[in-house]
Amino acid sequence: TFSLDGVDPACSSGAGGAANSCGIHIHAGTSCAEDALGHYYSTASDPWSAVAYTADEADQAQGTFSVETGLAASEIDGHTFIIHAFDGSRIACAIIMQPPQFLEARGFVPYFSYSGNLQVSGSIDPITTSHLAVATQTFTFSLDGVDPACSSGAGGAANSCGIHIHAGTSCAEDALGHYYSTASDPWSAVAYTADEADQAQGTFSVETGLAASEIDGHTFIIHAFDGSRIACAIIMQPPQFLEARGFVPYFSYSGNLQVSGSIDPITTSHLAVATQTFTFSLDGV
């Protein structure tokens, strides 16, 4: 499925007679800084020759194609997707890659040594990592029960109203110090502001120098106005969701019932006994 802006307006009626006219194709190359080579496939004949977009009045194009390339997902990963003009020339390039790894922190509990009355809940979700000049975590948070003294933001105390990733990996013991690999601490100025309902929301980007795999399993700590640690949650990958769709008659069934619909999502929780929870919506039962 594709959704593109700025495509060739000459493709308003679809492809013309030129080879690759208005094409949208996977190529054999693996870089947008050099020749993307030819179409990428392992079948006997080129399956991309007839795959073309149609531009609308806003020079946009949307659609879905299924192309029999003979290639596995792992084989096309890292290759180029090329957009062609009406005359068949190559006008744009992107690299096929796996989506960013999303992490999250939920299920906040009081910091192991905290004995006050504040009870923080909510989530930090998603936590994404971009590998720019310095690896950077960007996270969005929505919290309840934060310190109302943070209504004007952080005070003068170290870590006042802070929301920080720490080096520790357990909420049952000392979470250690801030977690980063840069020359200086990037967390010192990262702080939330509480609203009238003792809630806090926002998004921060912090240059930690750490990959997503390095922060996975570490602690996210919420601080009070005086800088003390009041709540803790573990950074982890979101639950794996599965689904069941495309129902067909059971191989030995010869009746008239035709079931369709979906079972989605199917989640697994690892309690005393691993448990699947699923939601279903079916027709023709």
# chains A, B, ... in the order shown; residues from 1 in each chain; ligands from 1
$ residues_around --residues "segment 255-258 of chain A" --least-positions-apart "5" --cutoff "7 Å" --atoms "only C-alpha atoms" --output "PyMOL selection string"
chain A and resi 249+284-285
$ residues_around --residues "Tyr53 of chain A" --least-positions-apart "2" --cutoff "10 Å" --atoms "only C-alpha atoms" --output "short mmCIF file (atom, residue, chain, number, x, y, z; two decimals) with all heavy atoms, in the first residue's frame"
data_model
loop_
_atom_site.label_atom_id
_atom_site.label_comp_id
_atom_site.auth_asym_id
_atom_site.auth_seq_id
_atom_site.Cartn_x
_atom_site.Cartn_y
_atom_site.Cartn_z
N PHE A 2 0.56 2.22 -0.82
CA PHE A 2 1.39 3.41 -0.92
C PHE A 2 0.51 4.67 -0.84
O PHE A 2 -0.66 4.65 -1.22
CB PHE A 2 2.21 3.42 -2.22
CG PHE A 2 1.40 3.37 -3.48
CD1 PHE A 2 1.08 4.55 -4.17
CD2 PHE A 2 0.95 2.17 -4.01
CE1 PHE A 2 0.34 4.51 -5.34
CE2 PHE A 2 0.20 2.13 -5.18
CZ PHE A 2 -0.10 3.30 -5.84
N LEU A 4 1.53 8.71 -1.69
CA LEU A 4 2.62 9.57 -2.14
C LEU A 4 2.12 10.97 -2.48
O LEU A 4 1.01 11.13 -2.99
CB LEU A 4 3.29 8.97 -3.38
CG LEU A 4 3.87 7.55 -3.25
CD1 LEU A 4 4.32 7.04 -4.62
CD2 LEU A 4 5.02 7.54 -2.25
N VAL A 7 3.99 13.46 -6.90
CA VAL A 7 4.29 12.60 -8.04
C VAL A 7 4.09 13.38 -9.34
O VAL A 7 3.58 14.51 -9.34
CB VAL A 7 3.43 11.32 -8.02
CG1 VAL A 7 3.77 10.47 -6.80
CG2 VAL A 7 1.95 11.66 -8.03
N ASP A 8 4.48 12.79 -10.45
CA ASP A 8 4.42 13.46 -11.75
C ASP A 8 2.96 13.70 -12.15
O ASP A 8 2.19 12.75 -12.35
CB ASP A 8 5.12 12.61 -12.80
CG ASP A 8 5.33 13.36 -14.11
OD1 ASP A 8 4.71 14.41 -14.31
OD2 ASP A 8 6.13 12.86 -14.93
N CYS A 11 1.12 11.86 -14.93
CA CYS A 11 0.61 10.49 -14.72
C CYS A 11 -0.86 10.50 -14.32
O CYS A 11 -1.37 9.52 -13.77
CB CYS A 11 1.43 9.79 -13.65
SG CYS A 11 3.14 9.44 -14.14
N SER A 12 -1.58 11.58 -14.60
CA SER A 12 -2.98 11.70 -14.19
C SER A 12 -3.88 10.68 -14.87
O SER A 12 -4.95 10.36 -14.36
CB SER A 12 -3.49 13.11 -14.47
OG SER A 12 -3.38 13.41 -15.85
N SER A 13 -3.45 10.17 -16.01
CA SER A 13 -4.21 9.12 -16.69
C SER A 13 -3.51 7.78 -16.64
O SER A 13 -3.81 6.86 -17.40
CB SER A 13 -4.46 9.52 -18.15
OG SER A 13 -5.26 10.69 -18.22
N GLY A 14 -2.54 7.67 -15.73
CA GLY A 14 -1.78 6.44 -15.62
C GLY A 14 -0.56 6.45 -16.51
O GLY A 14 -0.14 7.48 -17.04
N ALA A 15 0.02 5.29 -16.69
CA ALA A 15 1.27 5.16 -17.43
C ALA A 15 1.08 5.43 -18.91
O ALA A 15 0.01 5.20 -19.50
CB ALA A 15 1.83 3.76 -17.24
N SER A 21 7.07 4.02 -17.26
CA SER A 21 6.26 5.22 -17.11
C SER A 21 5.41 5.14 -15.85
O SER A 21 4.69 4.16 -15.63
CB SER A 21 5.36 5.39 -18.34
OG SER A 21 4.50 6.50 -18.19
N CYS A 22 5.52 6.16 -14.98
CA CYS A 22 4.75 6.26 -13.73
C CYS A 22 4.94 5.04 -12.82
O CYS A 22 4.08 4.72 -11.99
CB CYS A 22 3.25 6.45 -14.02
SG CYS A 22 2.88 7.79 -15.16
N GLY A 23 6.09 4.42 -12.94
CA GLY A 23 6.34 3.19 -12.19
C GLY A 23 6.59 3.40 -10.72
O GLY A 23 7.04 4.47 -10.28
N ILE A 24 6.32 2.37 -9.93
CA ILE A 24 6.60 2.33 -8.50
C ILE A 24 7.14 0.93 -8.22
O ILE A 24 6.39 -0.04 -8.14
CB ILE A 24 5.35 2.70 -7.67
CG1 ILE A 24 5.61 2.57 -6.18
CG2 ILE A 24 4.11 1.96 -8.12
CD1 ILE A 24 4.50 3.14 -5.31
N ALA A 50 4.40 -3.60 -15.44
CA ALA A 50 3.06 -3.02 -15.55
C ALA A 50 2.60 -2.34 -14.26
O ALA A 50 1.45 -1.91 -14.15
CB ALA A 50 2.05 -4.09 -15.95
N VAL A 51 3.48 -2.23 -13.27
CA VAL A 51 3.10 -1.66 -11.97
C VAL A 51 3.32 -0.15 -12.02
O VAL A 51 4.46 0.32 -12.09
CB VAL A 51 3.91 -2.30 -10.82
CG1 VAL A 51 3.52 -1.68 -9.48
CG2 VAL A 51 3.71 -3.80 -10.82
N ALA A 55 -1.72 9.64 -10.85
CA ALA A 55 -1.72 10.87 -10.05
C ALA A 55 -3.11 11.49 -10.03
O ALA A 55 -3.84 11.47 -11.03
CB ALA A 55 -0.72 11.86 -10.62
N ASP A 56 -3.50 12.05 -8.87
CA ASP A 56 -4.78 12.76 -8.80
C ASP A 56 -4.54 14.26 -9.02
O ASP A 56 -3.42 14.69 -9.34
CB ASP A 56 -5.50 12.48 -7.48
CG ASP A 56 -4.73 12.97 -6.25
OD1 ASP A 56 -3.84 13.82 -6.39
OD2 ASP A 56 -5.04 12.49 -5.14
N GLN A 60 -1.03 13.63 -6.03
CA GLN A 60 -0.88 12.57 -5.05
C GLN A 60 -1.25 11.24 -5.70
O GLN A 60 -1.92 11.18 -6.73
CB GLN A 60 -1.79 12.82 -3.83
CG GLN A 60 -1.47 14.10 -3.09
CD GLN A 60 -2.43 14.38 -1.96
OE1 GLN A 60 -3.59 13.98 -2.01
NE2 GLN A 60 -1.96 15.09 -0.94
N ALA A 61 -0.81 10.16 -5.06
CA ALA A 61 -1.14 8.82 -5.57
C ALA A 61 -1.25 7.88 -4.39
O ALA A 61 -0.43 7.91 -3.47
CB ALA A 61 -0.07 8.34 -6.54
N GLN A 62 -2.30 7.07 -4.41
CA GLN A 62 -2.52 6.07 -3.37
C GLN A 62 -2.94 4.78 -4.04
O GLN A 62 -3.50 4.77 -5.13
CB GLN A 62 -3.63 6.49 -2.39
CG GLN A 62 -3.40 7.80 -1.66
CD GLN A 62 -3.83 9.01 -2.44
OE1 GLN A 62 -4.75 8.93 -3.26
NE2 GLN A 62 -3.18 10.14 -2.20
N GLY A 63 -2.70 3.66 -3.37
CA GLY A 63 -3.15 2.39 -3.91
C GLY A 63 -2.47 1.22 -3.25
O GLY A 63 -1.68 1.37 -2.32
N THR A 64 -2.80 0.04 -3.74
CA THR A 64 -2.23 -1.21 -3.24
C THR A 64 -1.93 -2.10 -4.43
O THR A 64 -2.76 -2.25 -5.33
CB THR A 64 -3.23 -1.92 -2.29
OG1 THR A 64 -3.50 -1.07 -1.18
CG2 THR A 64 -2.65 -3.24 -1.80
N PHE A 65 -0.75 -2.68 -4.45
CA PHE A 65 -0.36 -3.64 -5.48
C PHE A 65 0.14 -4.92 -4.84
O PHE A 65 0.72 -4.89 -3.75
CB PHE A 65 0.76 -3.08 -6.37
CG PHE A 65 0.34 -1.99 -7.31
CD1 PHE A 65 0.84 -0.70 -7.19
CD2 PHE A 65 -0.55 -2.26 -8.34
CE1 PHE A 65 0.46 0.30 -8.05
CE2 PHE A 65 -0.94 -1.25 -9.22
CZ PHE A 65 -0.43 0.03 -9.08
N ILE A 83 10.47 5.62 -7.55
CA ILE A 83 9.31 6.24 -8.19
C ILE A 83 9.76 6.83 -9.52
O ILE A 83 10.78 7.53 -9.59
CB ILE A 83 8.70 7.34 -7.31
CG1 ILE A 83 8.49 6.83 -5.88
CG2 ILE A 83 7.39 7.85 -7.91
CD1 ILE A 83 7.60 5.63 -5.75
N HIS A 84 8.99 6.54 -10.57
CA HIS A 84 9.32 7.00 -11.92
C HIS A 84 8.38 8.12 -12.37
O HIS A 84 7.23 8.20 -11.93
CB HIS A 84 9.22 5.84 -12.92
CG HIS A 84 10.19 4.72 -12.67
ND1 HIS A 84 11.38 4.60 -13.35
CD2 HIS A 84 10.15 3.67 -11.81
CE1 HIS A 84 12.03 3.51 -12.93
NE2 HIS A 84 11.29 2.93 -11.99
N ALA A 85 8.88 8.94 -13.28
CA ALA A 85 8.07 9.98 -13.91
C ALA A 85 7.30 9.39 -15.09
O ALA A 85 7.45 8.21 -15.44
CB ALA A 85 8.96 11.12 -14.38
N PHE A 86 6.48 10.24 -15.73
CA PHE A 86 5.70 9.79 -16.88
C PHE A 86 6.60 9.31 -18.01
O PHE A 86 6.26 8.36 -18.73
CB PHE A 86 4.81 10.93 -17.38
CG PHE A 86 3.90 10.55 -18.52
CD1 PHE A 86 2.76 9.78 -18.30
CD2 PHE A 86 4.19 10.95 -19.82
CE1 PHE A 86 1.93 9.42 -19.36
CE2 PHE A 86 3.37 10.60 -20.87
CZ PHE A 86 2.23 9.82 -20.64
#
$ atom_distance --atom1 "atom CA of Gly6 of chain A" --atom2 "atom CA of Tyr40 of chain A"
24.3 Å
$ closest_residue --among "A:Phe278, A:Phe247, A:Tyr180, A:Phe241" --to "His218 of chain A" --atoms "only C-alpha atoms"
A:Tyr180
$ residues_around --residues "Asp226 of chain A" --least-positions-apart "2" --cutoff "6 Å" --atoms "only C-alpha atoms" --output "PyMOL selection string"
chain A and resi 157+160+224+228
$ write_last_selection --atoms "N, CA and C atoms" --output "short mmCIF file (atom, residue, chain, number, x, y, z; two decimals), in the first residue's frame"
data_model
loop_
_atom_site.label_atom_id
_atom_site.label_comp_id
_atom_site.auth_asym_id
_atom_site.auth_seq_id
_atom_site.Cartn_x
_atom_site.Cartn_y
_atom_site.Cartn_z
N ALA A 157 16.18 22.27 42.71
CA ALA A 157 16.82 21.03 43.16
C ALA A 157 17.22 20.17 41.96
N SER A 160 14.63 17.95 39.86
CA SER A 160 13.29 18.43 40.18
C SER A 160 12.32 18.16 39.03
N ALA A 224 9.91 13.89 42.10
CA ALA A 224 9.09 14.92 42.73
C ALA A 224 9.75 16.29 42.54
N SER A 228 13.44 14.03 44.56
CA SER A 228 13.41 12.64 45.01
C SER A 228 12.68 11.76 44.00
#
$ residues_around --residues "segment 146-155 of chain A" --least-positions-apart "2" --cutoff "10 Å" --atoms "only C-alpha atoms" --output "ChimeraX atom specification"
/A:117-122,143-144,157-162,189-200,222-227,230-231
$ write_last_selection --atoms "N, CA, C and O atoms" --output "short mmCIF file (atom, residue, chain, number, x, y, z; two decimals), in the first residue's frame"
data_model
loop_
_atom_site.label_atom_id
_atom_site.label_comp_id
_atom_site.auth_asym_id
_atom_site.auth_seq_id
_atom_site.Cartn_x
_atom_site.Cartn_y
_atom_site.Cartn_z
N ASN A 117 2.82 9.97 49.65
CA ASN A 117 1.44 9.71 49.24
C ASN A 117 1.20 9.81 47.74
O ASN A 117 0.11 9.50 47.26
N LEU A 118 2.18 10.27 46.98
CA LEU A 118 1.99 10.42 45.54
C LEU A 118 1.94 9.04 44.88
O LEU A 118 2.75 8.16 45.18
N GLN A 119 0.96 8.87 44.00
CA GLN A 119 0.78 7.59 43.30
C GLN A 119 0.71 7.86 41.80
O GLN A 119 -0.34 8.22 41.26
N VAL A 120 1.82 7.70 41.15
CA VAL A 120 1.92 7.99 39.72
C VAL A 120 1.39 6.82 38.90
O VAL A 120 1.71 5.66 39.18
N SER A 121 0.59 7.12 37.90
CA SER A 121 0.13 6.11 36.94
C SER A 121 0.21 6.71 35.55
O SER A 121 0.50 7.89 35.38
N GLY A 122 -0.07 5.89 34.55
CA GLY A 122 -0.04 6.35 33.17
C GLY A 122 0.98 5.60 32.35
O GLY A 122 1.36 4.47 32.68
N LEU A 143 0.80 11.11 32.22
CA LEU A 143 0.91 10.63 33.59
C LEU A 143 -0.16 11.26 34.48
O LEU A 143 -0.53 12.43 34.29
N ASP A 144 -0.62 10.50 35.43
CA ASP A 144 -1.52 10.97 36.49
C ASP A 144 -0.80 10.86 37.82
O ASP A 144 0.07 10.00 38.00
N ALA A 157 16.18 22.27 42.71
CA ALA A 157 16.82 21.03 43.16
C ALA A 157 17.22 20.17 41.96
O ALA A 157 16.57 20.18 40.92
N ALA A 158 18.30 19.42 42.11
CA ALA A 158 18.71 18.48 41.05
C ALA A 158 17.58 17.48 40.81
O ALA A 158 16.98 16.96 41.75
N ASN A 159 17.28 17.24 39.55
CA ASN A 159 16.25 16.28 39.11
C ASN A 159 14.83 16.70 39.48
O ASN A 159 13.91 15.88 39.40
N SER A 160 14.63 17.95 39.86
CA SER A 160 13.29 18.43 40.18
C SER A 160 12.32 18.16 39.03
O SER A 160 12.58 18.52 37.89
N CYS A 161 11.20 17.48 39.36
CA CYS A 161 10.13 17.17 38.39
C CYS A 161 10.66 16.37 37.19
O CYS A 161 10.09 16.40 36.10
N GLY A 162 11.73 15.63 37.39
CA GLY A 162 12.38 14.91 36.30
C GLY A 162 11.60 13.69 35.82
O GLY A 162 10.82 13.08 36.56
N ALA A 189 18.00 18.55 32.34
CA ALA A 189 16.98 19.58 32.12
C ALA A 189 15.64 19.02 31.67
O ALA A 189 14.74 19.79 31.32
N VAL A 190 15.48 17.71 31.69
CA VAL A 190 14.25 17.08 31.21
C VAL A 190 13.28 16.96 32.38
O VAL A 190 13.50 16.18 33.31
N ALA A 191 12.19 17.72 32.34
CA ALA A 191 11.26 17.76 33.46
C ALA A 191 9.83 17.98 32.96
O ALA A 191 9.60 18.63 31.94
N TYR A 192 8.88 17.45 33.71
CA TYR A 192 7.46 17.61 33.39
C TYR A 192 6.89 18.83 34.12
O TYR A 192 7.47 19.35 35.08
N THR A 193 5.72 19.27 33.67
CA THR A 193 4.96 20.31 34.35
C THR A 193 3.58 19.74 34.67
O THR A 193 2.90 19.21 33.79
N ALA A 194 3.18 19.83 35.93
CA ALA A 194 1.89 19.29 36.36
C ALA A 194 0.77 20.29 36.08
O ALA A 194 0.96 21.50 36.22
N ASP A 195 -0.40 19.77 35.67
CA ASP A 195 -1.55 20.65 35.50
C ASP A 195 -2.41 20.66 36.76
O ASP A 195 -2.04 20.09 37.79
N GLU A 196 -3.59 21.29 36.68
CA GLU A 196 -4.44 21.43 37.86
C GLU A 196 -4.97 20.09 38.36
O GLU A 196 -5.38 19.98 39.52
N ALA A 197 -4.99 19.08 37.49
CA ALA A 197 -5.47 17.76 37.89
C ALA A 197 -4.32 16.83 38.29
O ALA A 197 -4.52 15.61 38.39
N ASP A 198 -3.15 17.40 38.53
CA ASP A 198 -1.96 16.62 38.88
C ASP A 198 -1.60 15.62 37.78
O ASP A 198 -1.18 14.49 38.03
N GLN A 199 -1.80 16.05 36.54
CA GLN A 199 -1.44 15.25 35.38
C GLN A 199 -0.32 15.95 34.62
O GLN A 199 -0.08 17.15 34.79
N ALA A 200 0.37 15.19 33.78
CA ALA A 200 1.44 15.75 32.96
C ALA A 200 1.49 15.02 31.64
O ALA A 200 1.39 13.78 31.60
N ILE A 222 10.25 8.73 37.69
CA ILE A 222 9.56 10.00 37.84
C ILE A 222 10.01 10.62 39.17
O ILE A 222 10.01 9.95 40.20
N HIS A 223 10.37 11.90 39.12
CA HIS A 223 10.86 12.60 40.30
C HIS A 223 9.83 13.60 40.83
O HIS A 223 9.00 14.12 40.07
N ALA A 224 9.91 13.89 42.10
CA ALA A 224 9.09 14.92 42.73
C ALA A 224 9.75 16.29 42.54
O ALA A 224 10.85 16.41 41.97
N PHE A 225 9.07 17.33 43.05
CA PHE A 225 9.59 18.69 42.93
C PHE A 225 10.93 18.82 43.64
O PHE A 225 11.81 19.57 43.20
N ASP A 226 11.10 18.09 44.75
CA ASP A 226 12.36 18.19 45.50
C ASP A 226 13.46 17.30 44.91
O ASP A 226 14.56 17.21 45.46
N GLY A 227 13.17 16.65 43.76
CA GLY A 227 14.17 15.83 43.07
C GLY A 227 14.18 14.38 43.50
O GLY A 227 14.85 13.55 42.87
N ILE A 230 9.98 9.12 42.93
CA ILE A 230 8.67 8.74 43.46
C ILE A 230 8.02 7.58 42.72
O ILE A 230 7.14 6.93 43.28
N ALA A 231 8.42 7.31 41.49
CA ALA A 231 7.77 6.23 40.72
C ALA A 231 8.73 5.63 39.73
O ALA A 231 9.70 6.28 39.28
#
$ closest_atom_pairs --of "segment 238-275 of chain A" --to "segment 94-107 of chain A" --cutoff "12 Å" --atoms "only C-alpha atoms" --output "tab-separated table"
residue	atom	partner	partner_atom	distance
A:Pro238	CA	A:Leu103	CA	6.2
A:Pro239	CA	A:Glu104	CA	9.9
A:Gln240	CA	A:Phe102	CA	11.6
$ closest_residue --among "A:Val109, A:Ile26, A:Ile76, A:Ala175" --to "Cys93 of chain A" --atoms "only C-alpha atoms"
A:Ile26
$ closest_residue --among "A:Ser170, A:Ser49, A:Ser123, A:Ser66" --to "Thr1 of chain A" --atoms "only C-alpha atoms"
A:Ser66
$ atom_distance --atom1 "atom CA of Glu34 of chain A" --atom2 "atom CA of Val134 of chain A"
25.1 Å
$ select_by_dssp --residues "segment 41-283 of chain A" --states "alpha helix (DSSP H)" --output "list in words"
Ala73, Ser74, Glu75, Ile76, Ala212, Ser213, Glu214 and Ile215 of chain A
